[in-house]
Amino acid sequence: MDLRIKTGEEAGRTIADMRKSAGLTQEKMAIQMQLKGCDMSRGTLAKVEAGLRHVTLGELRVMAAVLRTDYNHLLGYMPQQGKPRPRATPLRGGAPAVHG
C-alpha cells in the first residue's frame, strides 16, 4: 500500500517557492528527483505544486533531499509557531481526507 500525503495548494506553493529559491526549474527538480530514484516528471511536479496531486511519502522524502530541507518545512509546519499550516492529511487507499 502506497501512503499518499494530501498537501493542497498552500503546501504546493511552499514547494514551488522553495524550488525557485534553490534556483531550480520544474524540469531541473524533476531530473534531480529522478537521479535520486523517484520517477516524477515535470508535469507531475507541476500538479503537486498546484495542489492537484498528492505525494507519496517516498516522493516527499526525495523532494526534501533535493531541496535540502525536511518534511515539516515542505508541508508548511512552523515549529516556532507550534501549529501546522496547511493541514496535511495522510490518505490510505485513495480514501478522501476529512478535515474537521
# chains A, B, ... in the order shown; residues from 1 in each chain; ligands from 1
$ residues_around --residues "stretch 14-24 of chain A" --least-positions-apart "5" --cutoff "10 Å" --atoms "only C-alpha atoms" --output "list in words"
Thr7, Glu9, Met29, Ala30, Gln32, Leu45, Ala46, Val48, Glu49, Ala50, Met63, Ala64, Val66, Leu67, Arg68, Thr69, His73, Leu74, Leu75, Gly76 and Pro86 of chain A
$ select_by_dssp --residues "stretch 18-85 of chain A" --states "alpha helix (DSSP H)" --output "number ranges by chain"
A: 18-21, 26-35, 42-49, 57-66, 71-74
$ closest_residue --among "A:Tyr77, A:Thr44, A:Gln26, A:Gly37" --to "A:Arg61" --atoms "only C-alpha atoms"
A:Gly37
$ residues_around --residues "A:Val62" --least-positions-apart "2" --cutoff "7 Å" --atoms "only C-alpha atoms" --output "PDB file with N, CA, C and O atoms, in the first residue's frame"
ATOM      1  N   MET A  33      15.188  14.676  -8.841  1.00  0.00           N
ATOM      2  CA  MET A  33      14.399  13.651  -8.152  1.00  0.00           C
ATOM      3  C   MET A  33      14.589  12.293  -8.833  1.00  0.00           C
ATOM      4  O   MET A  33      14.730  11.268  -8.156  1.00  0.00           O
ATOM      5  N   LYS A  36      17.681  10.570  -7.915  1.00  0.00           N
ATOM      6  CA  LYS A  36      17.615  10.004  -6.568  1.00  0.00           C
ATOM      7  C   LYS A  36      16.628   8.833  -6.500  1.00  0.00           C
ATOM      8  O   LYS A  36      16.264   8.385  -5.420  1.00  0.00           O
ATOM      9  N   CYS A  38      13.390   8.659  -7.784  1.00  0.00           N
ATOM     10  CA  CYS A  38      11.967   8.992  -7.739  1.00  0.00           C
ATOM     11  C   CYS A  38      11.489   9.310  -9.155  1.00  0.00           C
ATOM     12  O   CYS A  38      11.985  10.247  -9.775  1.00  0.00           O
ATOM     13  N   GLY A  58       7.524   8.544  -0.093  1.00  0.00           N
ATOM     14  CA  GLY A  58       8.811   8.452  -0.779  1.00  0.00           C
ATOM     15  C   GLY A  58       9.109   9.690  -1.604  1.00  0.00           C
ATOM     16  O   GLY A  58      10.242  10.178  -1.626  1.00  0.00           O
ATOM     17  N   GLU A  59       8.096  10.199  -2.315  1.00  0.00           N
ATOM     18  CA  GLU A  59       8.281  11.418  -3.109  1.00  0.00           C
ATOM     19  C   GLU A  59       8.605  12.603  -2.211  1.00  0.00           C
ATOM     20  O   GLU A  59       9.469  13.416  -2.516  1.00  0.00           O
ATOM     21  N   LEU A  60       7.911  12.681  -1.085  1.00  0.00           N
ATOM     22  CA  LEU A  60       8.152  13.773  -0.135  1.00  0.00           C
ATOM     23  C   LEU A  60       9.582  13.707   0.397  1.00  0.00           C
ATOM     24  O   LEU A  60      10.262  14.727   0.522  1.00  0.00           O
ATOM     25  N   ALA A  64      12.389  16.641  -0.214  1.00  0.00           N
ATOM     26  CA  ALA A  64      13.108  17.252   0.910  1.00  0.00           C
ATOM     27  C   ALA A  64      14.615  17.152   0.706  1.00  0.00           C
ATOM     28  O   ALA A  64      15.344  18.113   0.976  1.00  0.00           O
ATOM     29  N   ALA A  65      15.082  16.015   0.205  1.00  0.00           N
ATOM     30  CA  ALA A  65      16.513  15.842  -0.027  1.00  0.00           C
ATOM     31  C   ALA A  65      17.010  16.785  -1.126  1.00  0.00           C
ATOM     32  O   ALA A  65      18.050  17.440  -0.970  1.00  0.00           O
ATOM     33  N   VAL A  66      16.273  16.885  -2.222  1.00  0.00           N
ATOM     34  CA  VAL A  66      16.675  17.760  -3.327  1.00  0.00           C
ATOM     35  C   VAL A  66      16.694  19.219  -2.883  1.00  0.00           C
ATOM     36  O   VAL A  66      17.600  19.976  -3.227  1.00  0.00           O
TER      37      VAL A  66
END
$ atom_distance --atom1 "atom CA of A:Glu27" --atom2 "atom CA of A:Ser41"
7.6 Å
$ closest_residue --among "A:Asp70, A:Asp39, A:Ile31, A:Ile5" --to "A:Arg53" --atoms "only C-alpha atoms"
A:Ile5
